[in-house]
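One file, coords_23.txt, carrying compact mmCIF, C-alpha atoms:
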```txt
# COMPACT_ATOMS: atom_id res chain seq x y z
CA MET J 1298 1.78 14.51 14.92
CA PHE J 1299 2.14 12.13 11.99
CA SER J 1300 1.85 8.40 12.70
CA VAL J 1301 4.51 5.91 11.61
CA ARG J 1302 2.10 4.77 8.91
CA LEU J 1303 1.55 8.23 7.42
CA ASN J 1304 5.26 9.06 7.60
CA LYS J 1305 6.03 5.83 5.76
CA LEU J 1306 3.54 6.60 3.01
CA VAL J 1307 4.84 10.12 2.48
CA SER J 1308 8.47 8.95 2.50
CA LEU J 1309 7.75 6.56 -0.37
CA LEU J 1310 5.97 9.09 -2.58
CA PRO J 1311 7.96 9.91 -5.72
CA THR J 1312 8.40 13.54 -6.72
CA CYS J 1313 5.66 14.48 -9.15
CA ASP J 1314 3.68 17.34 -10.62
CA LEU J 1315 0.12 16.21 -9.88
CA LEU J 1316 -0.57 13.76 -7.05
CA ALA J 1317 -4.03 12.27 -6.66
CA ASP J 1318 -4.84 11.41 -3.05
CA VAL J 1319 -7.71 8.96 -3.52
CA GLY J 1320 -9.90 8.29 -0.51
CA CYS J 1321 -8.05 11.17 1.10
CA ASP J 1322 -10.05 11.33 4.35
CA HIS J 1323 -8.35 14.13 6.34
CA GLY J 1324 -5.97 14.86 3.46
CA TYR J 1325 -2.85 14.55 5.59
CA VAL J 1326 -0.73 12.69 3.03
CA GLY J 1327 -1.47 15.05 0.15
CA ILE J 1328 -0.92 18.13 2.33
CA GLU J 1329 2.43 16.81 3.59
CA ALA J 1330 3.46 16.02 0.00
CA LEU J 1331 2.91 19.69 -0.84
CA ARG J 1332 4.81 20.86 2.24
CA LEU J 1333 7.80 18.69 1.36
CA GLY J 1334 7.76 19.61 -2.32
CA LYS J 1335 7.07 16.02 -3.35
CA ALA J 1336 4.04 17.22 -5.30
CA GLN J 1337 3.49 20.55 -7.02
CA ARG J 1338 -0.28 20.05 -7.11
CA VAL J 1339 -2.69 17.67 -5.36
CA ALA J 1340 -6.14 16.44 -6.33
CA PHE J 1341 -8.00 15.19 -3.26
CA THR J 1342 -10.83 12.73 -3.84
CA ASP J 1343 -13.21 10.97 -1.48
CA ILE J 1344 -16.59 9.36 -1.88
CA SER J 1345 -17.62 11.02 1.41
CA GLN J 1346 -18.36 14.74 1.27
CA PRO J 1347 -17.75 15.15 5.05
CA SER J 1348 -14.31 13.55 4.66
CA LEU J 1349 -13.53 15.78 1.70
CA ASP J 1350 -14.61 18.80 3.73
CA LYS J 1351 -12.16 17.78 6.47
CA ALA J 1352 -9.34 17.65 3.91
CA ARG J 1353 -10.36 21.08 2.60
CA ASP J 1354 -10.42 22.53 6.15
CA ASN J 1355 -7.02 21.01 6.97
CA CYS J 1356 -5.35 22.34 3.84
CA PRO J 1357 -3.37 25.56 4.54
CA GLN J 1358 -4.48 28.62 2.60
CA GLU J 1359 -1.03 28.91 1.02
CA PHE J 1360 -1.89 25.86 -1.10
CA ASN J 1361 -5.28 27.10 -2.31
CA SER J 1362 -4.03 27.66 -5.86
CA VAL J 1363 -2.53 24.16 -6.23
CA VAL J 1364 -5.24 21.93 -4.74
CA SER J 1365 -8.54 20.64 -6.04
CA PHE J 1366 -11.26 18.58 -4.35
CA TYR J 1367 -13.55 15.98 -5.92
CA CYS J 1368 -16.39 14.16 -4.21
CA GLN J 1369 -16.36 10.98 -6.26
CA ASP J 1370 -15.64 7.27 -6.19
CA GLY J 1371 -12.05 6.82 -7.30
CA LEU J 1372 -10.07 8.67 -9.95
CA GLY J 1373 -12.69 9.38 -12.57
CA ALA J 1374 -11.16 11.58 -15.27
CA ILE J 1375 -8.23 12.83 -13.17
CA GLU J 1376 -4.94 12.43 -15.05
CA ALA J 1377 -2.31 12.35 -12.31
CA ASP J 1378 1.42 11.60 -12.44
CA CYS J 1379 1.18 9.64 -9.20
CA VAL J 1380 -1.75 8.20 -7.26
CA ILE J 1381 -1.81 7.21 -3.62
CA ILE J 1382 -4.57 4.94 -2.34
CA ALA J 1383 -4.21 3.98 1.31
CA GLY J 1384 -6.36 2.33 3.94
CA MET J 1385 -8.70 0.50 1.55
CA GLY J 1386 -9.20 -3.15 0.78
CA GLY J 1387 -7.15 -4.58 -2.04
CA LEU J 1388 -10.15 -5.45 -4.18
CA GLU J 1389 -11.44 -1.89 -3.84
CA ILE J 1390 -8.04 -0.55 -4.93
CA ILE J 1391 -8.09 -2.83 -7.97
CA SER J 1392 -11.59 -1.63 -8.84
CA ILE J 1393 -10.53 2.03 -8.62
CA LEU J 1394 -7.54 1.48 -10.90
CA SER J 1395 -9.52 -0.67 -13.33
CA ASN J 1396 -12.18 2.02 -13.69
CA ALA J 1397 -9.78 4.97 -13.99
CA GLN J 1398 -10.03 6.81 -17.30
CA HIS J 1399 -6.26 7.44 -17.19
CA LEU J 1400 -3.98 4.77 -15.77
CA PRO J 1401 -1.46 6.58 -13.53
CA PRO J 1402 2.26 6.16 -14.32
CA GLN J 1403 3.17 5.81 -10.63
CA LEU J 1404 1.34 4.28 -7.68
CA VAL J 1405 1.72 4.16 -3.93
CA LEU J 1406 -0.76 1.65 -2.51
CA GLN J 1407 -1.46 0.56 1.04
CA PRO J 1408 -4.02 -2.24 0.87
CA MET J 1409 -5.52 -3.39 4.17
CA ARG J 1410 -6.25 -6.88 2.86
CA ASN J 1411 -6.06 -8.93 -0.35
CA GLN J 1412 -2.48 -7.77 -0.86
CA ARG J 1413 -1.78 -10.80 -3.04
CA ASP J 1414 -4.58 -9.79 -5.41
CA VAL J 1415 -3.14 -6.28 -5.69
CA ARG J 1416 0.32 -7.63 -6.52
CA LYS J 1417 -1.11 -9.97 -9.15
CA TYR J 1418 -3.10 -7.12 -10.71
CA LEU J 1419 -0.03 -4.89 -10.86
CA THR J 1420 1.99 -7.50 -12.77
CA GLN J 1421 -0.22 -6.82 -15.79
CA LYS J 1422 1.11 -3.29 -16.43
CA TYR J 1423 3.45 -2.25 -13.62
CA GLU J 1424 6.87 -2.89 -12.18
CA ILE J 1425 6.78 -3.18 -8.40
CA VAL J 1426 9.61 -1.00 -7.13
CA THR J 1427 9.09 -1.41 -3.39
CA ASP J 1428 6.81 -3.73 -1.43
CA VAL J 1429 7.41 -3.62 2.31
CA LYS J 1430 5.65 -4.59 5.50
CA PHE J 1431 5.92 -2.34 8.52
CA HIS J 1432 4.41 -2.07 12.00
CA ASP J 1433 2.44 0.79 13.50
CA GLY J 1434 0.16 -0.77 16.11
CA LYS J 1435 -0.52 -3.48 13.53
CA PHE J 1436 1.17 -4.63 10.35
CA TYR J 1437 0.71 -2.74 7.09
CA ASP J 1438 1.90 -3.30 3.52
CA VAL J 1439 2.87 -0.49 1.18
CA ILE J 1440 3.50 -1.11 -2.50
CA VAL J 1441 5.21 1.36 -4.85
CA ALA J 1442 4.85 0.65 -8.56
CA LYS J 1443 5.56 2.33 -11.88
CA GLN J 1444 4.04 1.68 -15.27
CA CYS J 1445 6.41 -0.01 -17.71
CA ASP J 1446 6.62 -2.08 -20.87
CA LYS J 1447 7.97 -5.09 -18.98
CA PRO J 1448 5.88 -5.57 -15.83
CA SER J 1449 7.14 -7.45 -12.79
CA THR J 1450 7.11 -11.22 -12.82
CA LEU J 1451 6.58 -12.52 -9.29
CA THR J 1452 7.04 -15.95 -7.79
CA GLU J 1453 4.33 -17.48 -5.62
CA LEU J 1454 6.20 -16.41 -2.47
CA GLU J 1455 6.66 -12.87 -3.82
CA LEU J 1456 2.94 -12.68 -4.58
CA GLU J 1457 2.19 -13.82 -1.04
CA PHE J 1458 4.70 -11.79 0.95
CA GLY J 1459 6.10 -9.05 -1.30
CA LYS J 1460 9.38 -9.05 -3.20
CA SER J 1461 11.16 -6.46 -1.06
CA ASN J 1462 10.32 -8.29 2.14
CA LEU J 1463 11.94 -11.45 0.85
CA GLN J 1464 14.98 -9.76 -0.69
CA ALA J 1465 15.78 -7.43 2.21
CA PRO J 1466 13.77 -8.62 5.23
CA SER J 1467 13.22 -6.08 7.98
CA ASP J 1468 12.71 -6.77 11.68
CA ASP J 1469 9.03 -5.93 11.16
CA PHE J 1470 8.70 -8.60 8.48
CA VAL J 1471 10.43 -11.22 10.65
CA ASN J 1472 8.14 -10.32 13.54
CA PHE J 1473 5.12 -10.61 11.25
CA LEU J 1474 6.13 -14.11 10.14
CA GLN J 1475 6.77 -15.21 13.72
CA LEU J 1476 3.39 -13.93 14.91
CA GLU J 1477 1.64 -15.43 11.89
CA LEU J 1478 3.26 -18.79 12.59
CA LYS J 1479 2.22 -18.64 16.23
CA LYS J 1480 -1.36 -17.81 15.23
CA LEU J 1481 -1.57 -20.65 12.72
CA ASN J 1482 -0.09 -23.17 15.15
CA LYS J 1483 -2.68 -22.09 17.71
CA ILE J 1484 -5.47 -22.74 15.22
CA LEU J 1485 -4.02 -26.16 14.42
CA GLU J 1486 -4.20 -27.18 18.07
CA GLY J 1487 -7.92 -27.63 17.61
CA THR J 1488 -8.14 -28.70 13.97
CA SER J 1489 -6.30 -30.59 11.26
CA ASP J 1490 -7.53 -28.30 8.48
CA ALA J 1491 -5.45 -28.95 5.35
CA GLU J 1492 -5.59 -25.35 4.14
CA VAL J 1493 -4.38 -23.96 7.47
CA THR J 1494 -1.65 -26.60 7.61
CA ALA J 1495 -0.45 -25.69 4.12
CA LYS J 1496 -0.39 -22.00 5.01
CA ARG J 1497 1.50 -22.74 8.22
CA ASP J 1498 4.09 -24.76 6.30
CA VAL J 1499 4.64 -21.91 3.81
CA VAL J 1500 5.09 -19.38 6.63
CA GLN J 1501 7.47 -21.72 8.46
CA GLN J 1502 9.57 -22.39 5.36
CA THR J 1503 9.70 -18.68 4.53
CA LEU J 1504 10.73 -17.80 8.07
CA ASN J 1505 13.49 -20.43 7.99
CA ILE J 1506 14.84 -18.97 4.73
CA ILE J 1507 14.71 -15.42 6.09
CA LEU J 1508 16.43 -16.29 9.37
CA LYS J 1509 19.27 -17.99 7.48
CA LYS J 1510 19.62 -14.96 5.22
CA ILE J 1511 19.95 -12.43 8.06
CA LYS J 1512 22.36 -14.47 10.21
```

Any chance you could put this one into structure tokens?
Amino acid sequence: MFSVRLNKLVSLLPTCDLLADVGCDHGYVGIEALRLGKAQRVAFTDISQPSLDKARDNCPQEFNSVVSFYCQDGLGAIEADCVIIAGMGGLEIISILSNAQHLPPQLVLQPMRNQRDVRKYLTQKYEIVTDVKFHDGKFYDVIVAKQCDKPSTLTELELEFGKSNLQAPSDDFVNFLQLELKKLNKILEGTSDAEVTAKRDVVQQTLNIILKKIK
């Protein structure tokens, strides 16, 4: 049974010839992309040989001719049409893309932290097509981007929260802001930290704007 998170990732994959599933772990996303015809071929990579072996074991024999497996850190020399990197820290994702020999035309990224850094990195060479927050036990961000001549220009709020979340806020995004505000207010009960106060004020202002928009 696929989780909400994995279903979300697969649903946002563009149709492509070669998909690189970087840090593939069990390989579920790449395998489902093949099943749905979203990818014609998949290159599975993982720095862990045991994880790569799990992906190989999970892959149905019918796909043997269209899959390849690489025990390596990141993309290396793989030249893929689309790359998915999910469940890693944002700085690690940036490092993988920065060290790739071939910059992929399309990306689906799900950074666990440092999302702002990922967005800022992408504005150098990519247009961010979708950037949404969703809930599956906890909150996740997924960013879909494509390489272009005129990369995205993001405001400070868009860098912080994601352009799609601000333009078309979902219930999950509203719930995230409300919980974040509650958490920050709780912290401020015992401190007058200026940085926390500033962050609280940004979250509060953003929530006010969002609530007015969806009324």

- Item | Distance criterion (only C-alpha atoms): nearest to Leu1456 in chain J out of J:Asn1396, J:Gln1421, J:Gln1412, J:Asn1505 |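 Result for the nearest residue to Leu1456 in chain J: J:Gln1412.
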
- Find the residues around range 1336-1349 of chain J up to 10 Å (all atoms listed in the file counted), leave out those fewer than 3 positions away in its own chain, and share them as a PyMOL selection string. chain J and resi 1310-1324+1326-1333+1352-1355+1360-1373+1375-1380

- Task: Between J:Lys1483, J:Lys1430, J:Lys1443, J:Arg1413, single out the one closest to Glu1455 in chain J, counting only C-alpha atoms.
- Result: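 Looking only at the distances to Glu1455 in chain J, the closest residue turns out to be J:Arg1413.
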
How would you write as a PDB file with C-alpha atoms, keeping the file's coordinate frame the residues that get within 6 Å of (10.2, -15.1, 9.2) in the file's frame, counting only C-alpha atoms?
```pdb
ATOM      1  CA  VAL J1471      10.430 -11.220  10.650  1.00  0.00           C
ATOM      2  CA  LEU J1474       6.130 -14.110  10.140  1.00  0.00           C
ATOM      3  CA  GLN J1475       6.770 -15.210  13.720  1.00  0.00           C
ATOM      4  CA  THR J1503       9.700 -18.680   4.530  1.00  0.00           C
ATOM      5  CA  LEU J1504      10.730 -17.800   8.070  1.00  0.00           C
ATOM      6  CA  ILE J1507      14.710 -15.420   6.090  1.00  0.00           C
TER       7      ILE J1507
END
```

- Which is closer to Thr1427 in chain J than all the others in J:Leu1400, J:Val1499, J:Leu1309, J:Leu1481, using all atoms listed in the file? J:Leu1309

- Item | Answer as a ChimeraX atom specification, residues within 12 Å of (2.2, -0.1, -12.3) using all atoms listed in the file | /J:1378-1380,1391,1394-1395,1400-1406,1415-1427,1440-1449

- Task: Rank nothing, just name the residue among J:Lys1509, J:Thr1452, J:Ala1374, J:Val1493 nearest to Gln1398 in chain J, using all atoms listed in the file.
- Result: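 Of J:Lys1509, J:Thr1452, J:Ala1374, J:Val1493, the one nearest Gln1398 in chain J, counting all atoms listed in the file, is J:Ala1374.
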
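In this model, the gap between CA of Met1385 in chain J and CA of Leu1303 in chain J comes to 14.1 Å.
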
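For the pair CA of Pro1408 in chain J and CA of Gly1387 in chain J, the interatomic distance is 4.9 Å.
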
- Task: Point out the residue among J:Ser1489, J:Gln1407, J:Gln1501, J:Ser1467 with the least atom-to-atom distance to Arg1302 in chain J, counting only C-alpha atoms.
- Result: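 Of the candidates, the smallest distance to Arg1302 in chain J is held by J:Gln1407.
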
- Which residue of J:Val1301, J:Ala1397, J:Leu1454, J:Ala1495 approaches Phe1436 in chain J most closely, using all atoms listed in the file: J:Val1301

- Query: Residues at most 9 Å from Ile1511 in chain J, counting only C-alpha atoms, excluding those fewer than 4 positions away in the same chain, as number ranges by chain?
  - Reply: J: 1465-1466, 1506-1507

Give the padded box for range 1356-1369 of chain J as AutoDock Vina command-line options: axis-aligned, covering all atoms listed in the file, 3 Å on each side, centre and edge lengths in Å to one decimal.
```
--center_x -8.7 --center_y 19.9 --center_z -0.9 --size_x 21.4 --size_y 23.9 --size_z 16.8
```

- Query: Rounded to one decimal in Å, what is the spacing between CA of Phe1470 in chain J and CA of Asp1438 in chain J?
  - Reply: 9.9 Å

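Using only C-alpha atoms, the residues found no farther than 6 Å from Val1429 in chain J, other than those of its own chain fewer than 3 positions away, are Asp1438, Val1439, Ser1461 and Asn1462 of chain J.
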
Written selection (C-alpha atoms) as a compact mmCIF listing (two decimals), in the frame of the given file:
```txt
# COMPACT_ATOMS: atom_id res chain seq x y z
CA ASP J 1438 1.90 -3.30 3.52
CA VAL J 1439 2.87 -0.49 1.18
CA SER J 1461 11.16 -6.46 -1.06
CA ASN J 1462 10.32 -8.29 2.14
```
